[in-house]
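Colleague: This is query-v3.txt, which holds compact mmCIF, C-alpha atoms and all ligand atoms:
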```
# COMPACT_ATOMS: atom_id res chain seq x y z
CA MET A 1 -26.83 -40.37 -60.72
CA MET A 2 -29.38 -38.97 -58.31
CA LYS A 3 -28.98 -41.99 -56.12
CA TRP A 4 -25.19 -41.65 -55.89
CA GLY A 5 -25.44 -38.02 -55.09
CA PHE A 6 -27.86 -38.74 -52.29
CA LEU A 7 -25.63 -41.46 -50.92
CA MET A 8 -22.61 -39.17 -50.98
CA MET A 9 -24.53 -36.53 -49.12
CA LEU A 10 -25.54 -39.04 -46.52
CA VAL A 11 -21.92 -40.03 -46.00
CA VAL A 12 -20.77 -36.42 -45.69
CA VAL A 13 -23.52 -35.58 -43.20
CA SER A 14 -22.80 -38.58 -41.02
CA VAL A 15 -19.05 -37.91 -41.03
CA CYS A 16 -19.71 -34.33 -39.99
CA ALA A 17 -22.06 -35.49 -37.24
CA PHE A 18 -19.44 -37.89 -36.00
CA ALA A 19 -16.77 -35.19 -36.06
CA GLN A 20 -19.04 -32.87 -34.14
CA THR A 21 -19.80 -35.34 -31.40
CA GLU A 22 -16.09 -35.98 -31.05
CA GLN A 23 -15.51 -32.25 -30.77
CA GLU A 24 -18.31 -31.89 -28.27
CA LYS A 25 -16.88 -34.69 -26.23
CA LEU A 26 -13.49 -33.00 -26.18
CA ARG A 27 -15.10 -29.71 -25.22
CA ASP A 28 -17.01 -31.42 -22.40
CA VAL A 29 -13.83 -32.97 -21.11
CA GLU A 30 -12.08 -29.60 -21.20
CA MET A 31 -14.98 -27.87 -19.44
CA GLN A 32 -15.02 -30.60 -16.85
CA ARG A 33 -11.31 -30.11 -16.33
CA GLN A 34 -11.72 -26.36 -15.93
CA ALA A 35 -14.59 -26.80 -13.50
CA ASN A 36 -12.47 -29.18 -11.44
CA ARG A 37 -9.59 -26.74 -11.47
CA LEU A 38 -11.85 -23.92 -10.32
CA ARG A 39 -13.40 -26.05 -7.58
CA ASN A 40 -9.96 -27.08 -6.43
CA LEU A 41 -8.81 -23.45 -6.39
CA GLU A 42 -11.85 -22.40 -4.38
CA ARG A 43 -11.19 -25.17 -1.90
CA GLN A 44 -7.58 -24.05 -1.51
CA ILE A 45 -8.63 -20.42 -1.02
CA ASP A 46 -11.16 -21.56 1.59
CA SER A 47 -8.40 -23.31 3.50
CA VAL A 48 -6.30 -20.13 3.32
CA ALA A 49 -9.23 -18.22 4.85
CA LEU A 50 -9.51 -20.84 7.58
CA LEU A 51 -5.79 -20.62 8.41
CA ILE A 52 -6.07 -16.82 8.61
CA ASP A 53 -9.07 -17.15 10.94
CA GLN A 54 -6.92 -19.35 13.15
CA GLN A 55 -4.15 -16.71 12.93
CA GLN A 56 -1.80 -19.26 11.36
CA TYR A 57 -0.25 -16.69 9.09
CA VAL A 58 2.94 -18.57 8.26
CA ALA A 59 0.95 -21.59 7.07
CA ALA A 60 -1.48 -19.34 5.19
CA ASP A 61 1.42 -17.58 3.52
CA ALA A 62 2.97 -20.87 2.39
CA LYS A 63 -0.38 -21.99 0.98
CA ILE A 64 -0.87 -18.72 -0.90
CA VAL A 65 2.62 -18.95 -2.41
CA ASN A 66 1.73 -22.44 -3.66
CA ILE A 67 -1.55 -21.25 -5.15
CA LEU A 68 0.16 -18.34 -6.90
CA LYS A 69 2.43 -20.85 -8.66
CA THR A 70 -0.56 -22.56 -10.25
CA VAL A 71 -2.94 -19.76 -11.22
CA ARG A 72 -2.70 -17.69 -14.36
CA SER A 73 -4.62 -14.79 -12.81
CA VAL A 74 -4.96 -14.08 -9.13
CA PRO A 75 -8.54 -14.14 -7.77
CA SER A 76 -9.50 -10.90 -6.01
CA ASP A 77 -10.15 -12.61 -2.66
CA LEU A 78 -6.63 -13.95 -2.73
CA THR A 79 -5.20 -10.45 -3.17
CA PHE A 80 -6.89 -9.54 0.12
CA TYR A 81 -5.75 -12.67 1.94
CA LEU A 82 -2.19 -12.13 0.79
CA GLY A 83 -2.33 -8.49 1.89
CA LYS A 84 -3.69 -9.48 5.30
CA THR A 85 -1.24 -12.34 5.85
CA SER A 86 1.67 -10.12 4.83
CA PHE A 87 0.57 -7.49 7.36
CA TYR A 88 0.62 -9.95 10.24
CA LEU A 89 3.96 -11.31 9.07
CA GLN A 90 5.19 -7.71 9.21
CA LYS A 91 5.92 -7.58 5.48
CA TYR A 92 4.33 -4.17 5.31
CA LYS A 93 5.44 -3.14 1.84
CA GLN A 94 4.07 -6.34 0.34
CA SER A 95 0.93 -5.98 2.44
CA VAL A 96 0.16 -2.44 1.28
CA ASP A 97 0.81 -3.49 -2.33
CA TRP A 98 -1.71 -6.36 -2.31
CA LEU A 99 -4.31 -4.54 -0.23
CA ASN A 100 -4.13 -1.72 -2.78
CA LYS A 101 -4.83 -4.30 -5.50
CA TYR A 102 -7.90 -5.51 -3.67
CA ILE A 103 -9.17 -1.98 -3.06
CA GLN A 104 -8.61 -1.13 -6.74
CA LEU A 105 -10.58 -4.21 -7.77
CA LYS A 106 -13.42 -3.95 -5.30
CA GLY A 107 -13.59 -0.31 -4.28
CA THR A 108 -15.36 0.28 -0.98
CA SER A 109 -18.15 -2.23 -1.56
CA GLY A 110 -16.17 -5.48 -1.52
CA GLN A 111 -16.67 -8.12 1.13
CA PHE A 112 -13.30 -7.23 2.69
CA SER A 113 -13.04 -3.57 1.64
CA GLU A 114 -13.38 -2.10 5.11
CA GLU A 115 -10.80 -4.42 6.62
CA ALA A 116 -8.52 -3.92 3.62
CA ILE A 117 -8.58 -0.12 3.96
CA ASN A 118 -8.03 -0.42 7.71
CA LEU A 119 -5.06 -2.75 7.40
CA LYS A 120 -3.59 -0.71 4.57
CA THR A 121 -3.61 2.42 6.72
CA LYS A 122 -1.93 0.57 9.58
CA GLY A 123 0.60 -0.92 7.16
CA GLU A 124 1.49 2.51 5.82
CA VAL A 125 2.12 3.77 9.35
CA GLU A 126 4.40 0.80 10.01
CA LEU A 127 6.22 1.46 6.72
CA LEU A 128 6.84 5.02 7.79
CA LYS A 129 8.21 3.86 11.14
CA GLU A 130 10.47 1.39 9.33
CA LYS A 131 11.81 4.16 7.13
CA GLN A 132 12.61 6.31 10.16
CA THR A 133 14.34 3.40 11.87
CA GLU A 134 16.32 2.71 8.71
CA ALA A 135 17.46 6.33 8.62
CA LYS A 136 18.56 6.01 12.22
CA GLN A 137 20.35 2.71 11.59
CA ALA A 138 22.04 4.18 8.53
CA GLY A 139 23.54 6.66 10.97
CA GLU A 140 21.86 9.74 9.57
CA LEU A 141 22.46 12.44 12.12
CA LEU A 142 19.76 15.04 12.28
CA SER A 143 20.46 18.24 14.18
CA LYS A 144 16.93 18.32 15.54
CA ASP A 145 17.75 15.20 17.54
CA PHE A 146 20.35 17.14 19.50
CA ASP A 147 20.52 20.15 21.79
CA ILE A 148 22.77 22.83 20.37
CA ASP A 149 25.21 24.62 22.68
CA CYS A 150 24.84 28.34 22.09
CA GLY A 151 28.19 29.31 23.62
CA PRO A 152 29.06 31.37 26.70
CA THR A 153 26.54 34.16 26.07
CA GLY A 154 23.70 31.68 26.12
CA LYS A 155 22.02 33.73 23.44
CA VAL A 156 21.65 33.49 19.69
CA ALA A 157 20.55 36.12 17.19
CA CYS A 158 16.91 35.31 16.39
CA PRO A 159 17.01 33.32 13.13
CA VAL A 160 13.44 34.29 12.26
CA CYS A 161 14.03 38.03 12.02
CA ASN A 162 17.80 37.86 11.71
CA GLY A 163 18.07 39.88 14.93
CA SER A 164 16.17 42.84 13.52
CA THR A 165 12.98 42.20 15.55
CA VAL A 166 10.91 42.86 12.45
CA ILE A 167 9.82 40.57 9.69
CA ILE A 168 9.61 42.15 6.28
CA LYS A 169 7.16 40.66 3.88
CA LYS A 170 7.24 41.63 0.25
CA THR A 171 3.86 41.72 -1.39
CA TYR A 172 2.72 43.16 -4.72
CA LEU A 173 1.69 46.30 -2.82
CA GLY A 174 5.16 46.80 -1.43
CA GLU A 175 6.76 45.77 1.82
CA THR A 176 4.92 45.16 5.05
CA TYR A 177 6.59 45.12 8.45
CA LYS A 178 5.60 42.92 11.30
CA THR A 179 7.10 42.54 14.72
CA CYS A 180 8.86 39.21 15.13
CA GLY A 181 6.77 36.98 17.34
CA TYR A 182 9.66 34.86 18.53
CA CYS A 183 12.24 37.07 20.16
CA ASN A 184 10.03 39.42 22.19
CA HIS A 185 11.46 42.67 20.67
CA THR A 186 15.02 41.72 21.59
CA GLY A 187 16.29 40.24 18.33
CA ALA A 188 17.81 37.40 20.33
CA LEU A 189 16.72 34.02 21.62
CA SER A 190 17.78 32.28 24.79
CA CYS A 191 19.55 29.02 24.10
CA GLU A 192 16.56 27.12 25.40
CA ASP A 193 14.17 28.92 23.04
CA TYR A 194 16.64 28.53 20.18
CA ASN A 195 16.67 24.74 20.64
CA LYS A 196 12.90 24.71 20.90
CA LEU A 197 12.69 26.67 17.66
CA LEU A 198 14.91 24.14 15.87
CA LYS A 199 12.63 21.33 17.00
CA GLY A 200 9.54 23.23 15.91
CA GLN A 201 8.42 23.60 19.52
CA LEU A 202 8.70 27.35 19.95
CA LYS A 203 5.39 29.13 19.53
CA ALA A 204 5.23 32.64 18.15
CA SER A 205 3.39 35.15 20.29
CA THR A 206 0.30 36.21 18.42
CA GLN A 207 0.87 39.88 19.12
ZN ZN B 301 13.05 37.63 16.10
```
Would you put the structure from the file into structure tokens?
Modeller:
Amino acid sequence: MMKWGFLMMLVVVSVCAFAQTEQEKLRDVEMQRQANRLRNLERQIDSVALLIDQQQYVAADAKIVNILKTVRSVPSDLTFYLGKTSFYLQKYKQSVDWLNKYIQLKGTSGQFSEEAINLKTKGEVELLKEKQTEAKQAGELLSKDFDIDCGPTGKVACPVCNGSTVIIKKTYLGETYKTCGYCNHTGALSCEDYNKLLKGQLKASTQ
């Protein structure tokens, strides 16, 4: 009885050992596969960096798009490269988006943080310009882009003080009166000053 029990145990132990080595082998293969994948990804990212260095942004962009199809999560360096490439391809919205990602991930201490912040600022300026151009192309007419004809008198009642020459300010202590700084005690503006006022170019006298 003792002998059989011992034999059985031996069998169980050796089966387990066999199963474990099989499992280990599978795990090794999987780890090897992952390591290869990672090495391959790093190599591809390196070639993206090289293309960017050579200012071949279209090629870099195509490569990045290919990489994005294969990765489950985007490496932080790639967020920067995509942001930078997009900037030079004048895709400013996309650029600002990815540069923001990089800055969120790395803060100000990342390898590319300074350049990322720089490019992002430039991208935002370009975005703003685009928006203004779009407004213009959409035919939005803004009065400040035109000179207004004030009619035969060449004068307009001062819009700041409504022609009264004083500006009334209501405070919790009551009303305070101040001389209007725009119409020089006349309550009226010349047409030239009126147009300047509309464009935000008329300065109030400090008196
Ligand atoms: Zn006035």
Colleague: Measure the distance from CA of Glu115 in chain A to CA of Gln56 in chain A in Å and round it to one decimal.
Modeller: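 Interatomic distance, CA of Glu115 in chain A to CA of Gln56 in chain A: 18.0 Å.
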Colleague: What is the distance, in Å and to one decimal place, between CA of Lys196 in chain A and CA of Lys129 in chain A?
Modeller: 23.5 Å
Colleague: Rank nothing, just name the residue among A:Gly151, A:Gly174, A:Gly163, A:Gly200 nearest to ligand ZN 301 (chain B), using all atoms listed in the file.
Modeller: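 Smallest separation from ligand ZN 301 (chain B) among the options: A:Gly163.
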Colleague: Under the rule that only C-alpha atoms are counted, which of A:Asp97, A:Val58, A:Pro75, A:Tyr194 is the nearest residue to Phe146 in chain A?
Modeller: A:Tyr194
Colleague: What are the nearest atom pairs, with distances in Å to one decimal, for all residues of chain A that come at most 6 Å from ligand ZN 301 (chain B), using only C-alpha atoms and all ligand atoms, set out by chain and rising residue number as CSV?
Modeller:
```
residue,atom,partner,partner_atom,distance
A:Cys158,CA,B:ZN301,ZN,4.5
A:Val160,CA,B:ZN301,ZN,5.1
A:Cys161,CA,B:ZN301,ZN,4.2
A:Gly163,CA,B:ZN301,ZN,5.6
A:Thr165,CA,B:ZN301,ZN,4.6
A:Cys180,CA,B:ZN301,ZN,4.6
A:Tyr182,CA,B:ZN301,ZN,5.0
A:Cys183,CA,B:ZN301,ZN,4.2
A:Gly187,CA,B:ZN301,ZN,4.7
```
Colleague: Put a box with edges along x, y and z around all the listed atoms of range 142-149 of chain A, pad it by 6 Å on each side, then give me its centre and sizes in Å, one decimal, as AutoDock Vina command-line options.
Modeller:
```
--center_x 21.1 --center_y 19.8 --center_z 17.5 --size_x 20.3 --size_y 21.6 --size_z 22.4
```
Colleague: Nearest to Leu127 in chain A: which of A:Lys84, A:Lys25, A:Lys178, A:Lys91 is it, counting all atoms listed in the file?
Modeller: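 With all atoms listed in the file as the atom set, the closest residue is A:Lys91.
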Colleague: State, in Å with one decimal place, the distance from CA of Gln54 in chain A to CA of Thr85 in chain A.
Modeller: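 Answer for the CA of Gln54 in chain A to CA of Thr85 in chain A separation: 11.6 Å.
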Colleague: Using all atoms listed in the file, which of A:Asp46, A:Tyr92, A:Val74, A:Phe6 sits nearest Lys131 in chain A?
Modeller: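 Nearest to Lys131 in chain A: A:Tyr92.
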Colleague: Could you check the closest approach to Gly181 in chain A for each of A:Gln32, A:Ser205, A:Gln44, A:Ser109 and tell me which residue wins, using all atoms listed in the file?
Modeller: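 Ranked by minimum distance to Gly181 in chain A, first place goes to A:Ser205.
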Colleague: List the neighbours of Ser95 in chain A out to 6 Å using all atoms listed in the file; skip same-chain residues closer than 3 positions along the sequence, and give me the result as a list of chain:residue names.
Modeller: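 That gives A:Gly83, A:Ser86, A:Phe87, A:Tyr92, A:Trp98.
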Colleague: Quick one: write out the picked residues with C-alpha atoms as a short mmCIF file (atom, residue, chain, number, x, y, z; two decimals), in the frame of the given file?
Modeller:
```cif
data_model
loop_
_atom_site.label_atom_id
_atom_site.label_comp_id
_atom_site.auth_asym_id
_atom_site.auth_seq_id
_atom_site.Cartn_x
_atom_site.Cartn_y
_atom_site.Cartn_z
CA GLY A 83 -2.33 -8.49 1.89
CA SER A 86 1.67 -10.12 4.83
CA PHE A 87 0.57 -7.49 7.36
CA TYR A 92 4.33 -4.17 5.31
CA TRP A 98 -1.71 -6.36 -2.31
#
```
Colleague: Which of these residues is nearest to Asp193 in chain A, using all atoms listed in the file: A:Leu82, A:Leu173, A:Met8, A:Ile148?
Modeller: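 Among the listed residues, the smallest separation from Asp193 in chain A belongs to A:Ile148.
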Colleague: So that I can check the surroundings of Asp145 in chain A, please list as a list in words every protein, DNA and RNA residue that reaches within 9 Å of it, counting all atoms listed in the file and ignoring chain neighbours fewer than 3 positions away.
Modeller: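 Close residues of Asp145 in chain A: Leu141, Leu142 and Lys199 of chain A.
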